[in-house]
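**Q** The following file, structure_21.cif, comprises mmCIF, C-alpha atoms:
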```cif
data_coords
#
loop_
_atom_site.group_PDB
_atom_site.id
_atom_site.type_symbol
_atom_site.label_atom_id
_atom_site.label_comp_id
_atom_site.auth_asym_id
_atom_site.auth_seq_id
_atom_site.Cartn_x
_atom_site.Cartn_y
_atom_site.Cartn_z
ATOM 1 C CA MET A 5 77.684 -92.847 -23.997
ATOM 2 C CA ASP A 6 74.699 -94.876 -22.850
ATOM 3 C CA GLN A 7 74.141 -98.221 -24.482
ATOM 4 C CA ASN A 8 70.677 -99.727 -24.847
ATOM 5 C CA ILE A 9 70.454 -103.242 -23.442
ATOM 6 C CA THR A 10 67.670 -105.736 -22.903
ATOM 7 C CA LEU A 11 67.467 -107.853 -19.773
ATOM 8 C CA VAL A 12 65.000 -110.563 -18.864
ATOM 9 C CA ILE A 13 64.241 -110.688 -15.149
ATOM 10 C CA ALA A 14 61.534 -112.922 -13.719
ATOM 11 C CA GLY A 15 60.337 -113.678 -17.241
ATOM 12 C CA LYS A 16 59.809 -110.017 -18.088
ATOM 13 C CA GLN A 17 61.827 -108.116 -20.643
ATOM 14 C CA PHE A 18 63.304 -104.742 -19.696
ATOM 15 C CA ASN A 19 64.867 -102.267 -22.092
ATOM 16 C CA LEU A 20 67.474 -100.366 -20.119
ATOM 17 C CA LYS A 21 70.471 -98.101 -20.617
ATOM 18 C CA ALA A 22 73.960 -98.896 -19.377
ATOM 19 C CA SER A 23 76.352 -95.988 -18.923
ATOM 20 C CA SER A 24 79.467 -98.089 -19.591
ATOM 21 C CA PRO A 25 80.517 -101.588 -20.617
ATOM 22 C CA GLU A 26 81.296 -102.296 -16.952
ATOM 23 C CA MET A 27 77.798 -101.197 -15.939
ATOM 24 C CA GLU A 28 76.291 -103.387 -18.665
ATOM 25 C CA GLN A 29 78.253 -106.390 -17.412
ATOM 26 C CA SER A 30 77.168 -105.699 -13.821
ATOM 27 C CA MET A 31 73.536 -105.376 -14.863
ATOM 28 C CA ARG A 32 73.654 -108.639 -16.818
ATOM 29 C CA LEU A 33 75.295 -110.481 -13.922
ATOM 30 C CA ALA A 34 72.740 -109.047 -11.492
ATOM 31 C CA ALA A 35 69.859 -110.163 -13.718
ATOM 32 C CA GLU A 36 71.322 -113.675 -13.950
ATOM 33 C CA ASP A 37 71.754 -113.788 -10.170
ATOM 34 C CA ILE A 38 68.178 -112.627 -9.564
ATOM 35 C CA ASN A 39 66.822 -115.233 -11.967
ATOM 36 C CA ARG A 40 68.882 -118.007 -10.331
ATOM 37 C CA MET A 41 67.660 -117.019 -6.882
ATOM 38 C CA LEU A 42 64.076 -116.875 -8.116
ATOM 39 C CA ASP A 43 64.434 -120.371 -9.539
ATOM 40 C CA ARG A 44 65.799 -121.688 -6.222
ATOM 41 C CA TYR A 45 63.037 -120.061 -4.182
ATOM 42 C CA THR A 46 60.366 -121.252 -6.605
ATOM 43 C CA GLU A 47 61.631 -124.834 -6.312
ATOM 44 C CA LYS A 48 61.849 -124.601 -2.524
ATOM 45 C CA TYR A 49 58.492 -122.854 -2.021
ATOM 46 C CA PRO A 50 56.259 -123.803 -4.970
ATOM 47 C CA GLU A 51 53.114 -122.755 -3.105
ATOM 48 C CA LYS A 52 54.252 -119.116 -2.819
ATOM 49 C CA ASP A 53 53.304 -116.594 -5.467
ATOM 50 C CA TYR A 54 55.870 -114.904 -7.682
ATOM 51 C CA LEU A 55 55.687 -111.567 -5.876
ATOM 52 C CA GLU A 56 56.601 -113.285 -2.618
ATOM 53 C CA MET A 57 59.554 -114.914 -4.365
ATOM 54 C CA LEU A 58 60.730 -111.513 -5.619
ATOM 55 C CA LEU A 59 60.413 -110.147 -2.092
ATOM 56 C CA PHE A 60 62.537 -113.029 -0.766
ATOM 57 C CA VAL A 61 65.185 -112.251 -3.393
ATOM 58 C CA THR A 62 65.093 -108.575 -2.468
ATOM 59 C CA LEU A 63 65.402 -109.318 1.238
ATOM 60 C CA THR A 64 68.253 -111.776 0.708
ATOM 61 C CA GLU A 65 70.211 -109.407 -1.522
ATOM 62 C CA THR A 66 69.665 -106.472 0.838
ATOM 63 C CA VAL A 67 70.896 -108.496 3.820
ATOM 64 C CA TYR A 68 74.001 -109.472 1.812
ATOM 65 C CA LYS A 69 74.529 -105.817 0.910
ATOM 66 C CA PHE A 70 74.300 -104.663 4.542
ATOM 67 C CA ASN A 71 76.643 -107.438 5.698
ATOM 68 C CA ALA A 72 79.157 -106.565 2.987
ATOM 69 C CA GLN A 73 78.955 -102.867 3.903
ATOM 70 C CA ASN A 74 79.536 -103.678 7.578
ATOM 71 C CA LYS A 75 82.578 -105.799 6.685
ATOM 72 C CA LEU A 76 83.890 -103.051 4.416
ATOM 73 C CA ASN A 77 83.466 -100.478 7.190
ATOM 74 C CA ALA A 78 85.323 -102.728 9.636
ATOM 75 C CA LEU A 79 88.147 -103.285 7.140
ATOM 76 C CA SER A 80 88.355 -99.564 6.442
ATOM 77 C CA ALA A 81 88.615 -98.811 10.158
ATOM 78 C CA GLU A 82 91.301 -101.480 10.557
ATOM 79 C CA HIS A 83 93.182 -100.068 7.554
ATOM 80 C CA GLU A 84 93.080 -96.568 9.050
ATOM 81 C CA LYS A 85 94.317 -97.907 12.388
ATOM 82 C CA LEU A 86 97.230 -99.721 10.721
ATOM 83 C CA VAL A 87 98.168 -96.649 8.676
ATOM 84 C CA ASN A 88 98.204 -94.540 11.848
ATOM 85 C CA GLU A 89 100.326 -97.120 13.666
ATOM 86 C CA LEU A 90 102.764 -97.297 10.758
ATOM 87 C CA SER A 91 102.965 -93.505 10.542
ATOM 88 C CA GLY A 92 103.707 -93.326 14.276
ATOM 89 C CA TYR A 93 106.333 -96.028 13.980
ATOM 90 C CA LEU A 94 108.042 -94.297 11.047
ATOM 91 C CA ALA A 95 107.914 -90.925 12.821
ATOM 92 C CA LYS A 96 109.575 -92.514 15.868
ATOM 93 C CA ILE A 97 112.338 -93.945 13.690
ATOM 94 C CA GLU A 98 112.870 -90.533 12.074
ATOM 95 C CA SER A 99 113.086 -88.779 15.436
ATOM 96 C CA ASN A 100 115.731 -91.258 16.652
ATOM 97 C CA ARG A 101 118.141 -90.513 13.783
#
```
What would the structure in this file look like if it were written as structure tokens?

**A**
Amino acid sequence: MDQNITLVIAGKQFNLKASSPEMEQSMRLAAEDINRMLDRYTEKYPEKDYLEMLLFVTLTETVYKFNAQNKLNALSAEHEKLVNELSGYLAKIESNR
């Protein structure tokens, strides 16, 4: 059952629905992270307007997402390789009995 939640991001209030307690927690953590990043960018680049700061946050988070996905893909490929090697090794042991 969806739960109504309120998040404040970049000083604006958003009334949203979370499909589970885990989703609510993720949304709250994401909002906190966005606000922290906005604060850091605003301190570092006070001359930039707020939209530019939001774009920096978006770019940074998207780059992190792509890097994490690439690492996950590499780990998945390595996992598959190890499983295949182990299966071959176990099959060889079985055939030698």

**Q** What is the distance, in Å and to one decimal place, between CA of Gly15 in chain A and CA of Leu58 in chain A?

**A**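 Value for the CA of Gly15 in chain A-CA of Leu58 in chain A distance: 11.8 Å.
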
**Q** Quote the spacing between CA of Val12 in chain A and CA of Leu42 in chain A in Å to one decimal place.

**A** 12.5 Å

**Q** Separation of CA of Ala14 in chain A and CA of Val61 in chain A, in Å?

**A**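 Rounded to one decimal, the two atoms are 11.0 Å apart.
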
**Q** Show which residues sit within 8 Å of Met31 in chain A, as a list of chain:residue names. Count all atoms listed in the file, and ignore same-chain residues fewer than 4 positions away.

**A** A:Ala22, A:Met27, A:Ala35

**Q** Got time to write the residues from that selection, C-alpha atoms, as a PDB file, in the coordinates of the input?

**A**
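The resulting file, selection_13.pdb, is reproduced below:
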```
ATOM      1  CA  ALA A  22      73.960 -98.896 -19.377  1.00  0.00           C
ATOM      2  CA  MET A  27      77.798-101.197 -15.939  1.00  0.00           C
ATOM      3  CA  ALA A  35      69.859-110.163 -13.718  1.00  0.00           C
TER       4      ALA A  35
END
```

**Q** Taking only C-alpha atoms into account, name the residue in A:Glu84, A:Gln7, A:Ile38, A:Lys75 that is nearest to Leu63 in chain A.

**A** A:Ile38

**Q** Which of these residues is nearest to Phe18 in chain A, using all atoms listed in the file: A:Phe70, A:Asp53, A:Arg32, A:Arg44?

**A**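 Comparing A:Phe70, A:Asp53, A:Arg32, A:Arg44 against Phe18 in chain A, the winner is A:Arg32.
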
**Q** When you look at Thr10 in chain A with a cut-off of 8 Å (counting only C-alpha atoms), what residues show up, excluding the ones that are within fewer than 4 positions of it in the same chain? I need them as a list in words.

**A**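 Everything that qualifies: Gln17, Phe18, Asn19 and Leu20 of chain A.
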
**Q** Residue by residue, what does the PyMOL selection byres ((chain A and resi 45) around 10) grab here? Present the result as a ChimeraX atom specification.

**A** /A:39-44,46-50,52,54,56-58,60-61

**Q** Take every atom of range 82-92 of chain A listed in the file, pad by 3 Å on each side, and give me the axis-aligned box centre and edge lengths in Å, one decimal, as JSON.

**A**
```
{"center_x": 97.5, "center_y": -97.4, "center_z": 10.9, "size_x": 18.4, "size_y": 14.2, "size_z": 12.7}
```

**Q** Pick the closest to Ala34 in chain A from A:Ala95, A:Leu55, A:Ala72, A:Leu11: which is it, counting all atoms listed in the file?

**A** A:Leu11

**Q** On this file, the PyMOL selection byres ((chain A and resi 5) around 10) gives some set of residues; write that set as a PyMOL selection string.

**A** chain A and resi 6-8+21-25

**Q** Since the input is missing atoms, can you rebuild N, CA and C atoms for range 87-99 of chain A and write them as a compact mmCIF listing (two decimals), in the frame of the given file?

**A**
```
# COMPACT_ATOMS: atom_id res chain seq x y z
N VAL A 87 97.45 -97.77 9.28
CA VAL A 87 98.17 -96.65 8.68
C VAL A 87 98.66 -95.70 9.77
N ASN A 88 97.80 -95.42 10.74
CA ASN A 88 98.20 -94.54 11.85
C ASN A 88 99.34 -95.15 12.66
N GLU A 89 99.26 -96.45 12.93
CA GLU A 89 100.33 -97.12 13.67
C GLU A 89 101.63 -97.08 12.89
N LEU A 90 101.56 -97.32 11.59
CA LEU A 90 102.76 -97.30 10.76
C LEU A 90 103.35 -95.89 10.70
N SER A 91 102.49 -94.90 10.57
CA SER A 91 102.96 -93.50 10.54
C SER A 91 103.66 -93.16 11.85
N GLY A 92 103.08 -93.57 12.97
CA GLY A 92 103.71 -93.33 14.28
C GLY A 92 105.04 -94.03 14.40
N TYR A 93 105.10 -95.25 13.93
CA TYR A 93 106.33 -96.03 13.98
C TYR A 93 107.42 -95.36 13.14
N LEU A 94 107.07 -94.95 11.92
CA LEU A 94 108.04 -94.30 11.05
C LEU A 94 108.48 -92.95 11.61
N ALA A 95 107.56 -92.21 12.21
CA ALA A 95 107.91 -90.92 12.82
C ALA A 95 108.89 -91.15 13.98
N LYS A 96 108.68 -92.21 14.74
CA LYS A 96 109.58 -92.51 15.87
C LYS A 96 110.96 -92.86 15.36
N ILE A 97 111.05 -93.61 14.28
CA ILE A 97 112.34 -93.94 13.69
C ILE A 97 113.04 -92.67 13.23
N GLU A 98 112.31 -91.78 12.57
CA GLU A 98 112.87 -90.53 12.07
C GLU A 98 113.40 -89.67 13.23
N SER A 99 112.67 -89.64 14.32
CA SER A 99 113.09 -88.78 15.44
C SER A 99 114.30 -89.34 16.17
```
